[in-house]
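This report refers to the structure that appears directly beneath it.
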Amino acid sequence: MADSTWTRNDRDTLQPAPRKKWQFLLAAALLLAAVVFVAFNALNAGGTQLYLTVDEYFEKEADLEDRDLRVAGWVIGDSIEFTQIDAENSTLTFDIVDDLNNPTQRLTIYAENEPKPDLLQHEAQALVEGRAGESGMFISNPGGLLLKCPTRYEEADGSADY
Amino acid sequence: MFADFGNSAIYLALAATLYSIVVMGIAQWVPSISPQTQRKLISSGRNAAISVFPLLILTCIILVLALINDDYSINYVRQVTSRATPIQFKISSLWGGQAGSLLLWNVFLAGFLAAAWISKKEERDLIPYAVIIGGLTQTYFLYLSAFPENPFAPAASIALDGNGLSPLLRHPLMIIHPPMLYLGYTGFVVPYCFAMAALLAGRLDDSWIRTTRRWTLTAWLFLSLGLILGGRWAYDVLGWGGYWEWDPVENVAFLPWLTGTAFLHSVMIQEKRGMFKVWNVILILTTYLSVIYGTFIVRTGLLSSVHAFAQSDIQWGFLAFVGFMLLFSIVVAIWRAPELRSENYLESLLSREAAFLANNFIILAITVIIFLFTNFALMSEWITCSALFSSRFECQSYGVGPDTYNRALGPLFAGLLLLMGVAPLTMWYKTSIGRLGKQSLWPAVAATVFGIVLFIGGMRRIGAIIGLWVVAFSMLLTLLEYVRGAHARVKSKQEGWFIALGKLFQRNQRRYGGYLIHLGVLVMAAGIIGTEFFQMEHQVFLNTGERASLGNYTIEYLGTTFLQSDDTSSAMGTVAVYDETGAFLTNLQPHTDIFDNGQGMTIPDARSTIAEDFYVILVNWENISENSATIRMYLNPLIQWVWFGGVIFIVGTLVAAWPDPLDEKIAAAERRVALATINNR
């Protein structure tokens with residue numbers, strides 16, 4: 001932020017400086033190129049996630065190996081299972097579906113050494129980042145379990161939306 | 001009864017807004033009316049616009065009474081409260097749901113507009129246009145509150161109790177975080193109204209900028225507070241050891257903050273050099289549209305977010321409104337563009353103007369990248385599923401994760417931090433390389449020594465070393481600005497150092513308040529670098545008396561106690577924390593609260609120092625017993641710097657926004673000149 005001293009004694013006295021225009025254009029072009037490079041480099045290195053619903057996941061399961069994925073679905077409450085294997089290892093599994101009222105296929109989410117999120121309960125909407133595991137199993141990334149945080153908790157309509 | 005009164009107040013507010021628009025339109029555009037009638041109409045329209053605020057306050061009071069009195073005949077009351085909800089949370093559930101949030105949005109907007117119409121009544125030529133522009137925004141949101149998102153809509157069936165407020169919202173920070181965001185959002189409507197009014201009225205001098213500078217800063221302050229408090233709430237309540245996840249709902253609140261920041265810097269070039277006039281109009285227009293877009297994203301649930309806002313059918317109406325305001329603003333800006341020519345030209349790449357331009361460019365680049373990444377899933381779906389590309393691509397939706405955001409934005413934020421330090425060294429028109437080099441040499445040397453010390457100390461993350469070098473360099477340059485200014489006063493005025501520093505702020509609060517904001521951002525940046533690069537975590541199952549370690553800390557599980565209150569049962573674990581020498585540091589008590597409605601909330605506990613937070617949560621509350629528990633530990637280096645920097649930032653904004661008598665005099669003088677010019681036409 002600059003100072004607020006009110007001086008504008010140069011108005012109408014300055015002339016364009018055309019010989020310097022190319023310098024500004026060059027600087028702007030370089031900056032723009034740098035920004036485009038940074039954005040594309042980030043997209044290449046960080047990658048994009050393929051967003052899928054549960055039914056889409058099963059449709060394309062054969063082509064999903066090694067891809068960075070995010071699946072969305074509604075949690076089936078009685079499938080939630082937390083298992084403490086030993087002092088250092090635990091697993092958390094639960095099933096998600098596209099439509100709680102009319103579930104066609106259930107995708108099992110598998111997470112290792114993840115705390116059970118408070119919002120992981122029946123009818124919660126889950127967004128899970130991870131990769132395809134063995135048939136019907138989706139392996140969550142560390143920290144990849146995203147349960148909808150009810151910043152404005154209201155009754156939802158019970159269908160996943162992508 | 002509550003519903004009848006509430007609806008009446010909303011409808012009256014909507015009618016008053018429409019009346020003010022119509023009356024102001026007649027006063028401005030019907031040529032046959034006499035000046036006396038015109039004055040009366042303007043006065044009447046202004047009063048009607050001001051009356052919207054008390055009407056909406058009344059609406060809020062009625063809704064709060066309905067919430068407190070458990071009036072479950074109202075659907076909204078049933079959705080967000082229950083009989084067991086404590087009274088403070090019944091009140092805060094006013095913004096615990098979609099309809100209530102939109103009502104609060106309306107109240108704040110009406111409040112800002114009423115304050116602007118009252119305090120700027122001398123802006124006689126601008127007020128009618130500004131009232132119309134503000135009225136259009138208010139009309140749309142009042143329409144939402146009156147019809148599709150009416151908070152007084154009746155419940156479909158009779159119920160004896162409600163659903164209750166989500167446990168995660170039962171937190172003091174969540175009581176103030178949403179209102180701060182809404183205040184930030186709605187505050188930005190005022191400068192937009194005056195910008196459009198100035199264009200419509202042909203008042204193309206700088207007075208609209210001076211008139212709205214404090215409004216812009218106030219909105220920016222509230223939005224900053226909302227963002228910082230939201231991060232702190234996530235850290236304190238969500239139990240994942242972080243505060244920002246590049247979630248769409250977070251991003252859309254950040255966008256108007258970014259464009260508002262660019263605007264606050266860019267207007268200084270217009271004030272000083274009469275340049276970038278079109279650019280400033282574009283920035284305030286973009287900020288306004290970002291506000292509407294943010295509200296649109298949050299309220300329609302269009303983008304998949306971790307934040308669960310109700311999906312809504314209002315998206316097409318929202319799109320139509322955004323489209324209309326965008327089109328209207330562009331048409332007005334293009335119409336006046338020829339008269340908004342710059343009065344001066346950039347002299348040198350090494351000048352303050354060029355530094356501000358670079359600042360704007362980087363902020364805009366950050367804005368565009370965040371916007372594109374946030375909408376990546378929508379855009380990729382539109383493109384791959386469109387008729388044009390469907391033959392070449394499979395119809396798919398792709399998203400962007402936090403890692404991609406960090407990779408793309410990290411270098412840009414570093415560039416911005418560097419500019420924060422260097423830009424204040426530059427002069428208007430032109431700065432010599434020699435002067436710039438001389439002033440920045442020793443800070444650069446000191447920052448480099450700091451970087452080498454970090455490397456020798458074992459830090460091997462090059463990104464972190466570069467980031468901390470930039471922070472140290474810019475921080476030293478900023479602190480030296482204070483030292484130079486105070487030193488000049490000590491020498492010339494024979495003042496003591498503290499008095500000289502105080503006078504520095506008093507004489508030029510905008511400049512030195514601005515530097516304080518920069519310092520706050522730099523301190524926050526250090527905290528963000530610390531947590532992003534060096535956060536550690538470990539989850540472990542422990543029986544009573546067993547120990548586990550993370551970093552230099554060791555914990556011993558001491559047991560869990562179970563507590564019961566009116567509507568909550570809690571499991572509270574206790575762990576003793578020891579340092580690397582085995583010395584006892586403190587006991588931490590993370591706990592899990594289960595509410596009557598079955599929802600749970602995991603509350604972490606932390607040992608905080610200026611160097612790091614040792615943060616502990618109790619995992620898997622169902623299986624814990626008095627003798628064993630699963631504990632998750634996080635080590636968050638420099639996290640307290642984020643919050644401490646936030647405090648400095650807010651103090652700096654308050655200093656910069658505080659009324660400056662000199663600024664007021666200049667604004668009044670400009671107004672007189674402008675009015676005289678218009679009267680002489």
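Simple scheme: letters A, B, ... for chains in structure tokens order, numbers from 1 for residues in each chain, numbers from 1 for ligands in the order shown.
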
Check your understanding: What are the residues of chain B that have an atom within 7 Å of an atom of chain A, counting only C-alpha atoms, as a PyMOL selection string?
Key -> chain B and resi 79+96-98+166+169+265+272-273+306-311+343-345+347+349+365+397-401+403-404+407-408+508+510-511+514-515+539-542+600-602+619-620

Check your understanding: Counting only C-alpha atoms, what is within 9 Å of Gly133 (chain A), bar same-chain residues fewer than 6 positions away, as a ChimeraX atom specification?
Key -> /A:65,110,139

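All residues of protein, DNA or RNA that reach within 10 Å of Gly646 (chain B), judged by only C-alpha atoms and not counting those fewer than 5 positions away in the chain, are Ser224, Leu225, Leu227, Ile228, Leu229, Ile517, Leu519, Gly520, Val521, Leu522, Val523, Met524, Gln640, Trp641, Val651 and Gly652 of chain B.
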
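Between CA of Phe473 (chain B) and CA of Thr531 (chain B) the separation is 20.0 Å.
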
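Put simply, CA of Gly144 (chain A) is 6.6 Å away from CA of Gly130 (chain A).
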
Could you name the residues that touch Ala571 (chain B) at 6 Å or less, counting only C-alpha atoms, but leaving out those on the same chain fewer than 6 positions away, as a PDB file with C-alpha atoms, in the first residue's frame?
ATOM      1  CA  THR B 561     -13.078 -41.035  30.980  1.00  0.00           C
ATOM      2  CA  PHE B 562     -16.721 -40.897  29.959  1.00  0.00           C
ATOM      3  CA  HIS B 591     -12.277 -35.918  23.162  1.00  0.00           C
ATOM      4  CA  THR B 592     -15.237 -37.123  21.165  1.00  0.00           C
TER       5      THR B 592
END

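Between CA of Gly162 (chain B) and CA of Ile68 (chain B) the separation is 12.0 Å.
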
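Every protein, DNA or RNA residue with an atom at most 7 Å from Arg214 (chain B), where only C-alpha atoms count and chain neighbours fewer than 3 positions away do not, is listed here: Leu217, Thr218 and Ala657 of chain B.
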
Report as a compact mmCIF listing (two decimals) with N, CA and C atoms, in the first residue's frame all protein, DNA and RNA residues lying within 12 Å of region 466-469 of chain B, evaluated on only C-alpha atoms, omitting residues in the same chain fewer than 5 positions from it.
# COMPACT_ATOMS: atom_id res chain seq x y z
N GLY B 410 2.15 -22.05 -5.88
CA GLY B 410 3.31 -21.80 -5.03
C GLY B 410 4.26 -20.76 -5.62
N PRO B 411 4.73 -20.93 -6.88
CA PRO B 411 5.65 -19.94 -7.46
C PRO B 411 5.01 -18.55 -7.59
N LEU B 412 3.71 -18.52 -7.89
CA LEU B 412 3.05 -17.22 -8.04
C LEU B 412 2.94 -16.49 -6.70
N PHE B 413 2.60 -17.25 -5.66
CA PHE B 413 2.55 -16.61 -4.33
C PHE B 413 3.96 -16.15 -3.91
N ALA B 414 4.98 -16.93 -4.27
CA ALA B 414 6.35 -16.51 -3.94
C ALA B 414 6.67 -15.19 -4.64
N GLY B 415 6.26 -15.07 -5.91
CA GLY B 415 6.48 -13.82 -6.65
C GLY B 415 5.77 -12.65 -5.99
N LEU B 416 4.57 -12.91 -5.51
CA LEU B 416 3.78 -11.87 -4.85
C LEU B 416 4.45 -11.43 -3.54
N LEU B 417 4.96 -12.40 -2.78
CA LEU B 417 5.64 -12.08 -1.52
C LEU B 417 6.90 -11.25 -1.79
N LEU B 418 7.60 -11.60 -2.88
CA LEU B 418 8.81 -10.86 -3.23
C LEU B 418 8.45 -9.40 -3.56
N GLY B 421 7.92 -7.01 -0.65
CA GLY B 421 9.11 -6.42 -0.07
C GLY B 421 9.72 -5.36 -0.98
N PRO B 443 19.45 -6.71 3.24
CA PRO B 443 18.38 -7.70 3.50
C PRO B 443 18.57 -8.98 2.68
N ALA B 444 19.06 -8.84 1.43
CA ALA B 444 19.27 -10.04 0.60
C ALA B 444 20.38 -10.89 1.19
N VAL B 445 21.45 -10.21 1.66
CA VAL B 445 22.57 -10.95 2.27
C VAL B 445 22.10 -11.67 3.53
N ALA B 446 21.35 -10.93 4.37
CA ALA B 446 20.87 -11.52 5.63
C ALA B 446 19.94 -12.71 5.36
N ALA B 447 19.05 -12.56 4.36
CA ALA B 447 18.12 -13.66 4.04
C ALA B 447 18.89 -14.86 3.50
N THR B 448 19.96 -14.58 2.73
CA THR B 448 20.76 -15.68 2.18
C THR B 448 21.49 -16.43 3.30
N VAL B 449 22.03 -15.66 4.24
CA VAL B 449 22.69 -16.29 5.40
C VAL B 449 21.67 -17.17 6.13
N PHE B 450 20.46 -16.66 6.28
CA PHE B 450 19.38 -17.41 6.94
C PHE B 450 19.11 -18.73 6.19
N GLY B 451 19.05 -18.63 4.85
CA GLY B 451 18.82 -19.83 4.03
C GLY B 451 19.93 -20.84 4.20
N ILE B 452 21.20 -20.35 4.24
CA ILE B 452 22.35 -21.25 4.41
C ILE B 452 22.29 -21.93 5.78
N VAL B 453 21.91 -21.15 6.79
CA VAL B 453 21.79 -21.72 8.14
C VAL B 453 20.73 -22.84 8.14
N LEU B 454 19.62 -22.60 7.45
CA LEU B 454 18.56 -23.62 7.37
C LEU B 454 19.11 -24.89 6.70
N PHE B 455 19.90 -24.69 5.65
CA PHE B 455 20.45 -25.85 4.92
C PHE B 455 21.44 -26.61 5.81
N MET B 459 17.78 -28.74 6.68
CA MET B 459 16.62 -28.60 5.80
C MET B 459 17.03 -28.90 4.36
N ARG B 460 16.33 -29.81 3.71
CA ARG B 460 16.72 -30.21 2.35
C ARG B 460 15.61 -29.97 1.33
N ARG B 461 14.50 -29.43 1.75
CA ARG B 461 13.41 -29.15 0.80
C ARG B 461 13.69 -27.80 0.15
N SER B 474 11.66 -10.20 2.23
CA SER B 474 10.59 -9.19 2.19
C SER B 474 10.27 -8.64 3.57
N MET B 475 10.38 -9.51 4.57
CA MET B 475 10.08 -9.06 5.93
C MET B 475 11.12 -8.03 6.38
N LEU B 476 12.40 -8.29 6.06
CA LEU B 476 13.46 -7.34 6.44
C LEU B 476 13.26 -6.02 5.71
N LEU B 522 3.27 -11.98 5.37
CA LEU B 522 4.57 -12.67 5.37
C LEU B 522 4.69 -13.64 6.54
N VAL B 523 4.20 -13.22 7.70
CA VAL B 523 4.23 -14.13 8.87
C VAL B 523 3.35 -15.35 8.59
N MET B 524 2.16 -15.09 8.02
CA MET B 524 1.28 -16.22 7.66
C MET B 524 1.96 -17.14 6.65
N ALA B 525 2.66 -16.53 5.70
CA ALA B 525 3.33 -17.34 4.66
C ALA B 525 4.37 -18.26 5.29
N ALA B 526 5.10 -17.75 6.28
CA ALA B 526 6.09 -18.60 6.96
C ALA B 526 5.38 -19.80 7.59
N GLY B 527 4.23 -19.54 8.23
CA GLY B 527 3.47 -20.63 8.85
C GLY B 527 2.97 -21.64 7.82
N ILE B 528 2.51 -21.12 6.69
CA ILE B 528 1.98 -22.02 5.65
C ILE B 528 3.11 -22.90 5.09
N ILE B 529 4.29 -22.29 4.87
CA ILE B 529 5.44 -23.06 4.37
C ILE B 529 5.79 -24.15 5.38
N GLY B 530 5.81 -23.78 6.65
CA GLY B 530 6.16 -24.76 7.70
C GLY B 530 5.23 -25.96 7.70
N GLU B 532 2.97 -26.88 5.30
CA GLU B 532 2.85 -27.57 4.02
C GLU B 532 4.02 -28.51 3.76
N PHE B 533 5.21 -28.08 4.14
CA PHE B 533 6.41 -28.88 3.81
C PHE B 533 6.78 -29.87 4.91
N LEU B 638 5.33 -24.37 12.81
CA LEU B 638 5.03 -22.95 12.54
C LEU B 638 3.54 -22.64 12.35

**Study point:** Those of region 359-521 of chain B in DSSP helix (DSSP H, G or I), formatted as a VMD selection string
**Key:** chain B and resid 359 to 374 376 to 385 402 to 425 433 to 456 462 to 493 497 to 507 509 to 521

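Near Tyr482 (chain B), within 10 Å and counting only C-alpha atoms, sit Leu477, Thr478, Ala486, His487, Ala488, Ala500, Leu501, Leu504, Phe505, Tyr512, Tyr515 and Leu516 of chain B, not including residues fewer than 4 positions from it in the same chain.
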
Selection file, N, CA and C atoms, as a short mmCIF file (atom, residue, chain, number, x, y, z; two decimals), in the first residue's frame:
data_model
loop_
_atom_site.label_atom_id
_atom_site.label_comp_id
_atom_site.auth_asym_id
_atom_site.auth_seq_id
_atom_site.Cartn_x
_atom_site.Cartn_y
_atom_site.Cartn_z
N LEU B 477 12.94 -6.09 4.42
CA LEU B 477 12.72 -4.85 3.66
C LEU B 477 11.56 -4.04 4.25
N THR B 478 10.49 -4.75 4.64
CA THR B 478 9.32 -4.05 5.18
C THR B 478 9.65 -3.42 6.53
N ALA B 486 10.95 6.10 10.81
CA ALA B 486 11.07 6.56 12.20
C ALA B 486 12.40 7.29 12.39
N HIS B 487 13.45 6.77 11.77
CA HIS B 487 14.77 7.39 11.91
C HIS B 487 14.76 8.82 11.37
N ALA B 488 14.06 9.01 10.25
CA ALA B 488 13.98 10.36 9.68
C ALA B 488 13.30 11.31 10.66
N ALA B 500 8.18 8.54 17.41
CA ALA B 500 8.38 8.69 15.96
C ALA B 500 7.60 7.61 15.20
N LEU B 501 7.64 6.39 15.73
CA LEU B 501 6.93 5.29 15.07
C LEU B 501 5.41 5.52 15.12
N LEU B 504 4.45 8.15 12.73
CA LEU B 504 4.54 7.61 11.37
C LEU B 504 3.18 7.03 10.95
N PHE B 505 2.60 6.25 11.87
CA PHE B 505 1.29 5.66 11.59
C PHE B 505 0.23 6.75 11.50
N TYR B 512 1.52 2.99 6.24
CA TYR B 512 2.14 2.13 7.25
C TYR B 512 1.19 1.04 7.74
N TYR B 515 1.80 -1.57 5.18
CA TYR B 515 3.00 -2.38 5.44
C TYR B 515 2.73 -3.41 6.54
N LEU B 516 1.89 -3.01 7.49
CA LEU B 516 1.55 -3.96 8.57
C LEU B 516 0.78 -5.15 7.98
#

Exercise for review: Would you please give, as number ranges by chain, all residues of region 97-161 of chain A that DSSP assigns to strand (DSSP E) based on the backbone?
Suggested key: A: 97, 107-112, 125-132, 137-147

Practice item. Find, counting only C-alpha atoms, the residue in A:Glu123, A:Asp95, A:Glu112, A:Asp78 that gets nearest to Gly136 (chain A). Key: A:Asp95
